[in-house]
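Listing of query.cif; format and content: mmCIF, C-alpha atoms; chains and numbers go by the auth columns.
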data_protein
loop_
_atom_site.group_PDB
_atom_site.id
_atom_site.type_symbol
_atom_site.label_atom_id
_atom_site.label_comp_id
_atom_site.label_asym_id
_atom_site.label_seq_id
_atom_site.Cartn_x
_atom_site.Cartn_y
_atom_site.Cartn_z
_atom_site.B_iso_or_equiv
_atom_site.auth_seq_id
_atom_site.auth_asym_id
ATOM 1 C CA MET A 1 0.000 0.000 0.000 0.00 1338 E
ATOM 2 C CA SER A 2 1.175 3.504 -0.632 0.00 1339 E
ATOM 3 C CA ARG A 3 -0.014 6.972 0.215 0.00 1340 E
ATOM 4 C CA CYS A 4 -0.712 9.240 -2.699 0.00 1341 E
ATOM 5 C CA CYS A 5 -0.259 12.410 -0.643 0.00 1342 E
ATOM 6 C CA PRO A 6 1.001 13.120 2.844 0.00 1343 E
ATOM 7 C CA SER A 7 -2.296 14.604 4.037 0.00 1344 E
ATOM 8 C CA ALA A 8 -4.134 12.650 6.729 0.00 1345 E
ATOM 9 C CA LYS A 9 -7.428 13.044 4.866 0.00 1346 E
ATOM 10 C CA SER A 10 -6.169 11.315 1.777 0.00 1347 E
ATOM 11 C CA LYS A 11 -7.284 7.772 1.112 0.00 1348 E
ATOM 12 C CA MET A 12 -5.045 4.818 0.873 0.00 1349 E
ATOM 13 C CA LEU A 13 -4.736 3.279 -2.539 0.00 1350 E
ATOM 14 C CA ILE A 14 -4.289 -0.418 -2.901 0.00 1351 E
ATOM 15 C CA ARG A 15 -2.588 -1.783 -5.945 0.00 1352 E
ATOM 16 C CA VAL A 16 -4.363 -4.715 -7.466 0.00 1353 E
ATOM 17 C CA GLN A 17 -2.714 -6.760 -10.095 0.00 1354 E
ATOM 18 C CA CYS A 18 -5.120 -7.296 -12.972 0.00 1355 E
ATOM 19 C CA PHE A 19 -5.133 -10.425 -15.013 0.00 1356 E
ATOM 20 C CA ARG A 20 -7.478 -11.723 -17.646 0.00 1357 E
ATOM 21 C CA LEU A 21 -9.770 -14.627 -16.913 0.00 1358 E
ATOM 22 C CA PRO A 22 -10.030 -17.374 -19.504 0.00 1359 E
ATOM 23 C CA GLU A 23 -12.951 -16.703 -21.826 0.00 1360 E
ATOM 24 C CA TYR A 24 -14.902 -19.731 -20.695 0.00 1361 E
ATOM 25 C CA LEU A 25 -15.077 -18.240 -17.168 0.00 1362 E
ATOM 26 C CA CYS A 26 -16.415 -14.853 -18.248 0.00 1363 E
ATOM 27 C CA GLU A 27 -20.132 -14.190 -17.815 0.00 1364 E
ATOM 28 C CA GLY A 28 -20.434 -12.604 -21.254 0.00 1365 E
ATOM 29 C CA ALA A 29 -18.857 -15.617 -22.947 0.00 1366 E
ATOM 30 C CA ARG A 30 -21.278 -17.960 -21.237 0.00 1367 E
ATOM 31 C CA ASN A 31 -24.225 -15.841 -22.369 0.00 1368 E
ATOM 32 C CA ARG A 32 -22.841 -15.790 -25.925 0.00 1369 E
ATOM 33 C CA ARG A 33 -22.438 -19.572 -25.923 0.00 1370 E
ATOM 34 C CA GLU A 34 -25.941 -20.050 -24.528 0.00 1371 E
ATOM 35 C CA GLY A 35 -27.325 -17.685 -27.176 0.00 1372 E
ATOM 36 C CA GLU A 36 -25.470 -19.547 -29.912 0.00 1373 E
ATOM 37 C CA MET A 37 -26.797 -22.866 -28.609 0.00 1374 E
ATOM 38 C CA GLN A 38 -30.350 -21.542 -28.470 0.00 1375 E
ATOM 39 C CA SER A 39 -30.017 -20.231 -32.021 0.00 1376 E
ATOM 40 C CA GLN A 40 -28.574 -23.546 -33.203 0.00 1377 E
ATOM 41 C CA ASN A 41 -31.380 -25.477 -31.470 0.00 1378 E
ATOM 42 C CA LEU A 42 -33.979 -23.217 -33.077 0.00 1379 E
ATOM 43 C CA ASN A 43 -32.472 -23.908 -36.504 0.00 1380 E
ATOM 44 C CA ILE A 44 -32.575 -27.656 -35.845 0.00 1381 E
ATOM 45 C CA ASP A 45 -36.198 -27.395 -34.663 0.00 1382 E
ATOM 46 C CA LEU A 46 -37.066 -25.565 -37.895 0.00 1383 E
ATOM 47 C CA LEU A 47 -35.320 -28.148 -40.071 0.00 1384 E
ATOM 48 C CA VAL A 48 -36.981 -31.064 -38.275 0.00 1385 E
ATOM 49 C CA GLY A 49 -40.360 -29.331 -38.608 0.00 1386 E
ATOM 50 C CA LYS A 50 -39.842 -28.803 -42.339 0.00 1387 E
ATOM 51 C CA LYS A 51 -39.004 -32.488 -42.748 0.00 1388 E
ATOM 52 C CA ILE A 52 -42.180 -33.482 -40.895 0.00 1389 E
ATOM 53 C CA ARG A 53 -44.231 -31.259 -43.185 0.00 1390 E
ATOM 54 C CA LEU A 54 -42.433 -32.513 -46.321 0.00 1391 E
ATOM 55 C CA ARG A 55 -43.001 -36.182 -45.501 0.00 1392 E
ATOM 56 C CA ARG A 56 -46.596 -35.590 -44.401 0.00 1393 E
ATOM 57 C CA GLN A 57 -47.347 -33.819 -47.685 0.00 1394 E
ATOM 58 C CA MET A 58 -45.613 -36.563 -49.689 0.00 1395 E
ATOM 59 C CA LEU A 59 -48.046 -39.017 -48.146 0.00 1396 E
ATOM 60 C CA LYS A 60 -50.945 -36.597 -48.790 0.00 1397 E
ATOM 61 C CA MET A 61 -51.713 -36.701 -45.080 0.00 1398 E
ATOM 62 C CA SER A 62 -53.427 -33.783 -43.348 0.00 1399 E
ATOM 63 C CA GLN A 63 -52.232 -32.194 -40.137 0.00 1400 E
ATOM 64 C CA THR A 64 -55.462 -33.368 -38.548 0.00 1401 E
ATOM 65 C CA THR A 65 -54.815 -36.989 -39.536 0.00 1402 E
ATOM 66 C CA LEU A 66 -51.244 -36.904 -38.203 0.00 1403 E
ATOM 67 C CA GLY A 67 -52.416 -35.160 -35.037 0.00 1404 E
ATOM 68 C CA HIS A 68 -55.134 -37.758 -34.483 0.00 1405 E
ATOM 69 C CA ALA A 69 -52.604 -40.597 -34.903 0.00 1406 E
ATOM 70 C CA LEU A 70 -50.345 -38.910 -32.320 0.00 1407 E
ATOM 71 C CA GLY A 71 -53.163 -37.937 -29.971 0.00 1408 E
ATOM 72 C CA VAL A 72 -52.562 -34.186 -30.367 0.00 1409 E
ATOM 73 C CA SER A 73 -54.403 -31.357 -32.124 0.00 1410 E
ATOM 74 C CA PHE A 74 -53.656 -30.202 -35.649 0.00 1411 E
ATOM 75 C CA GLN A 75 -52.504 -26.913 -34.089 0.00 1412 E
ATOM 76 C CA GLN A 76 -49.781 -28.825 -32.250 0.00 1413 E
ATOM 77 C CA ILE A 77 -48.674 -30.353 -35.563 0.00 1414 E
ATOM 78 C CA GLN A 78 -48.543 -26.814 -37.009 0.00 1415 E
ATOM 79 C CA LYS A 79 -46.316 -25.741 -34.124 0.00 1416 E
ATOM 80 C CA TYR A 80 -44.002 -28.709 -34.684 0.00 1417 E
ATOM 81 C CA GLU A 81 -43.794 -27.986 -38.415 0.00 1418 E
ATOM 82 C CA LYS A 82 -43.065 -24.298 -37.886 0.00 1419 E
ATOM 83 C CA GLY A 83 -40.439 -25.052 -35.242 0.00 1420 E
ATOM 84 C CA LEU A 84 -42.359 -23.152 -32.567 0.00 1421 E
ATOM 85 C CA ASN A 85 -42.536 -26.207 -30.317 0.00 1422 E
ATOM 86 C CA ARG A 86 -39.669 -28.668 -30.007 0.00 1423 E
ATOM 87 C CA VAL A 87 -40.453 -32.272 -30.908 0.00 1424 E
ATOM 88 C CA SER A 88 -39.309 -34.594 -28.132 0.00 1425 E
ATOM 89 C CA ALA A 89 -37.306 -37.711 -28.969 0.00 1426 E
ATOM 90 C CA GLY A 90 -40.216 -39.987 -28.095 0.00 1427 E
ATOM 91 C CA ARG A 91 -42.654 -37.941 -30.154 0.00 1428 E
ATOM 92 C CA LEU A 92 -40.262 -37.872 -33.100 0.00 1429 E
ATOM 93 C CA MET A 93 -40.036 -41.668 -32.923 0.00 1430 E
ATOM 94 C CA GLN A 94 -43.848 -41.871 -33.067 0.00 1431 E
ATOM 95 C CA ILE A 95 -43.909 -39.477 -36.030 0.00 1432 E
ATOM 96 C CA SER A 96 -41.261 -41.480 -37.879 0.00 1433 E
ATOM 97 C CA ASP A 97 -43.324 -44.662 -37.364 0.00 1434 E
ATOM 98 C CA ILE A 98 -46.516 -43.005 -38.613 0.00 1435 E
ATOM 99 C CA LEU A 99 -44.780 -41.379 -41.601 0.00 1436 E
ATOM 100 C CA ASN A 100 -42.902 -44.629 -42.319 0.00 1437 E
ATOM 101 C CA VAL A 101 -39.384 -43.173 -42.375 0.00 1438 E
ATOM 102 C CA PRO A 102 -36.330 -43.802 -40.221 0.00 1439 E
ATOM 103 C CA ILE A 103 -35.763 -41.221 -37.507 0.00 1440 E
ATOM 104 C CA SER A 104 -32.551 -40.200 -39.309 0.00 1441 E
ATOM 105 C CA PHE A 105 -34.738 -38.791 -42.122 0.00 1442 E
ATOM 106 C CA PHE A 106 -35.485 -35.758 -39.959 0.00 1443 E
ATOM 107 C CA TYR A 107 -31.775 -35.046 -39.443 0.00 1444 E
ATOM 108 C CA ALA A 108 -30.567 -35.794 -42.986 0.00 1445 E
ATOM 109 C CA ASP A 109 -29.551 -32.204 -43.822 0.00 1446 E
ATOM 110 C CA ILE A 110 -28.108 -31.314 -40.433 0.00 1447 E
ATOM 111 C CA ILE A 111 -24.317 -31.274 -40.344 0.00 1448 E
ATOM 112 C CA THR A 112 -22.668 -31.863 -37.008 0.00 1449 E
ATOM 113 C CA LYS A 113 -19.076 -31.302 -35.971 0.00 1450 E
ATOM 114 C CA GLN A 114 -18.637 -35.014 -35.315 0.00 1451 E
ATOM 115 C CA GLN A 115 -19.761 -36.386 -38.658 0.00 1452 E
ATOM 116 C CA PRO A 116 -19.704 -35.229 -42.271 0.00 1453 E
ATOM 117 C CA PRO A 117 -22.979 -35.006 -44.212 0.00 1454 E
ATOM 118 C CA HIS A 118 -24.198 -38.214 -45.786 0.00 1455 E
ATOM 119 C CA HIS A 119 -26.961 -39.083 -48.209 0.00 1456 E
ATOM 120 C CA HIS A 120 -29.895 -41.301 -47.404 0.00 1457 E
ATOM 121 C CA ASP A 121 -30.417 -43.341 -50.540 0.00 1458 E
ATOM 122 C CA GLU A 122 -33.374 -45.199 -49.082 0.00 1459 E
ATOM 123 C CA VAL A 123 -35.418 -42.053 -48.332 0.00 1460 E
ATOM 124 C CA ILE A 124 -36.362 -39.074 -50.465 0.00 1461 E
ATOM 125 C CA SER A 125 -35.234 -36.023 -48.511 0.00 1462 E
ATOM 126 C CA SER A 126 -36.229 -33.014 -50.626 0.00 1463 E
ATOM 127 C CA THR A 127 -39.239 -31.762 -52.520 0.00 1464 E
ATOM 128 C CA GLU A 128 -37.220 -31.673 -55.736 0.00 1465 E
ATOM 129 C CA GLU A 129 -36.279 -35.360 -55.423 0.00 1466 E
ATOM 130 C CA TYR A 130 -39.880 -36.237 -54.693 0.00 1467 E
ATOM 131 C CA LEU A 131 -41.221 -34.351 -57.717 0.00 1468 E
ATOM 132 C CA LEU A 132 -38.515 -35.764 -59.988 0.00 1469 E
ATOM 133 C CA LEU A 133 -39.253 -39.321 -58.932 0.00 1470 E
ATOM 134 C CA LYS A 134 -43.010 -38.808 -59.104 0.00 1471 E
ATOM 135 C CA ARG A 135 -42.821 -37.450 -62.659 0.00 1472 E
ATOM 136 C CA PHE A 136 -40.218 -40.020 -63.708 0.00 1473 E
ATOM 137 C CA ARG A 137 -42.549 -42.845 -62.684 0.00 1474 E
ATOM 138 C CA THR A 138 -45.323 -41.511 -64.955 0.00 1475 E
ATOM 139 C CA LEU A 139 -43.091 -41.740 -68.056 0.00 1476 E
ATOM 140 C CA THR A 140 -43.061 -44.683 -70.413 0.00 1477 E
ATOM 141 C CA SER A 141 -40.201 -47.140 -69.992 0.00 1478 E
ATOM 142 C CA ILE A 142 -38.622 -45.910 -73.252 0.00 1479 E
ATOM 143 C CA LYS A 143 -38.515 -42.320 -71.973 0.00 1480 E
ATOM 144 C CA GLN A 144 -37.215 -43.487 -68.588 0.00 1481 E
ATOM 145 C CA ARG A 145 -34.344 -45.366 -70.257 0.00 1482 E
ATOM 146 C CA ALA A 146 -33.564 -42.329 -72.445 0.00 1483 E
ATOM 147 C CA ILE A 147 -33.327 -40.117 -69.359 0.00 1484 E
ATOM 148 C CA LEU A 148 -31.128 -42.659 -67.567 0.00 1485 E
ATOM 149 C CA HIS A 149 -28.795 -42.809 -70.580 0.00 1486 E
ATOM 150 C CA LEU A 150 -28.655 -39.010 -70.635 0.00 1487 E
ATOM 151 C CA ILE A 151 -27.752 -38.905 -66.947 0.00 1488 E
ATOM 152 C CA MET A 152 -25.137 -41.644 -67.313 0.00 1489 E
ATOM 153 C CA ASP A 153 -23.595 -39.832 -70.292 0.00 1490 E
ATOM 154 C CA GLU A 154 -23.366 -36.617 -68.233 0.00 1491 E
ATOM 155 C CA ASN A 155 -21.663 -38.460 -65.366 0.00 1492 E
ATOM 156 C CA ALA A 156 -19.181 -40.177 -67.715 0.00 1493 E
ATOM 157 C CA SER A 157 -17.757 -36.895 -69.028 0.00 1494 E
#
Mind turning the file's structure into structure tokens?
Amino acid sequence: MSRCCPSAKSKMLIRVQCFRLPEYLCEGARNRREGEMQSQNLNIDLLVGKKIRLRRQMLKMSQTTLGHALGVSFQQIQKYEKGLNRVSAGRLMQISDILNVPISFFYADIITKQQPPHHHDEVISSTEEYLLLKRFRTLTSIKQRAILHLIMDENAS
């Protein structure tokens, strides 16, 4: 401790050595991480909801029909599809059974740090794939073969 002036009324100053805390200990960093996690979870909820809607529409199933099969209202299905309400693991398993897809279908487009993206050959995962396949199946076999040859020729070059 040192005196800054000789007067008796002056206050004592204490020197404090300052050092920086690691970022993971700082309150602001924790709030940032929590905010990032909440944002990431919201994005996942939205993607899962879109997949539920996509598959339900592929099967020409109404929200009411899916809701009835799950024992919830069609409004709850709307909330799931819009990502407003999170779908629990158990509920997602029920939905995958009703929509006749593996549970991984709902996570097909989500890239994690642990694993690279992969394609699900057994399940149609986008509207474009669905429409392409639907229209392809209506073609005659001659036209289907012609399209396949065209695709194979494009891949060969």
- Message: I'd like the interatomic distance between CA of Arg1393 (chain E) and CA of Phe1473 (chain E), to a tenth of an Å.
- Response: 20.8 Å
- Message: Please report the interatomic distance between CA of Gly1420 (chain E) and CA of Thr1464 (chain E) in Å with one decimal.
- Response: 18.6 Å
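With only C-alpha atoms as the atoms that count, the residue of E:Ile1389, E:Leu1421, E:Leu1470, E:Ile1432 with the shortest distance to Val1409 (chain E) is E:Ile1432.
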- Query: Just how far from CA of Pro1439 (chain E) is CA of Ser1399 (chain E), in Å to one decimal?
  - Reply: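 Taking CA of Ser1399 (chain E) and CA of Pro1439 (chain E), their separation equals 20.1 Å.
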- Selected residue of minimal separation from Val1385 (chain E) among E:Leu1476, E:Leu1487, E:Val1424, E:Leu1436, counting all atoms listed in the file: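 The closest residue to Val1385 (chain E) is E:Val1424.
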- Between E:Ile1435, E:Leu1383, E:Leu1396, E:Ile1488, single out the one closest to Lys1419 (chain E), counting all atoms listed in the file. E:Leu1383
- Of the listed residues E:Arg1474, E:Leu1403, E:Arg1392, E:Arg1482, that which approaches Val1438 (chain E) most closely, counting all atoms listed in the file: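 Checking each of E:Arg1474, E:Leu1403, E:Arg1392, E:Arg1482 against Val1438 (chain E), counting all atoms listed in the file, the winner is E:Arg1392.
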- Could you pull the residues within 10 Å of Gly1386 (chain E), counting all atoms listed in the file, minus those fewer than 5 positions along the same chain, as a list in words?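 Result of the neighbour search: Asn1380, Ile1381, Leu1391, Ile1414, Gln1415, Lys1416, Tyr1417, Glu1418, Lys1419, Gly1420, Leu1421, Asn1422, Arg1423, Val1424 and Phe1443 of chain E.
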Can those selected residues be exported to a file as a PDB file, in the frame of the given file so that it contains C-alpha atoms?
ATOM      1  CA  ASN E1380     -32.472 -23.908 -36.504  1.00  0.00           C
ATOM      2  CA  ILE E1381     -32.575 -27.656 -35.845  1.00  0.00           C
ATOM      3  CA  LEU E1391     -42.433 -32.513 -46.321  1.00  0.00           C
ATOM      4  CA  ILE E1414     -48.674 -30.353 -35.563  1.00  0.00           C
ATOM      5  CA  GLN E1415     -48.543 -26.814 -37.009  1.00  0.00           C
ATOM      6  CA  LYS E1416     -46.316 -25.741 -34.124  1.00  0.00           C
ATOM      7  CA  TYR E1417     -44.002 -28.709 -34.684  1.00  0.00           C
ATOM      8  CA  GLU E1418     -43.794 -27.986 -38.415  1.00  0.00           C
ATOM      9  CA  LYS E1419     -43.065 -24.298 -37.886  1.00  0.00           C
ATOM     10  CA  GLY E1420     -40.439 -25.052 -35.242  1.00  0.00           C
ATOM     11  CA  LEU E1421     -42.359 -23.152 -32.567  1.00  0.00           C
ATOM     12  CA  ASN E1422     -42.536 -26.207 -30.317  1.00  0.00           C
ATOM     13  CA  ARG E1423     -39.669 -28.668 -30.007  1.00  0.00           C
ATOM     14  CA  VAL E1424     -40.453 -32.272 -30.908  1.00  0.00           C
ATOM     15  CA  PHE E1443     -35.485 -35.758 -39.959  1.00  0.00           C
TER      16      PHE E1443
END
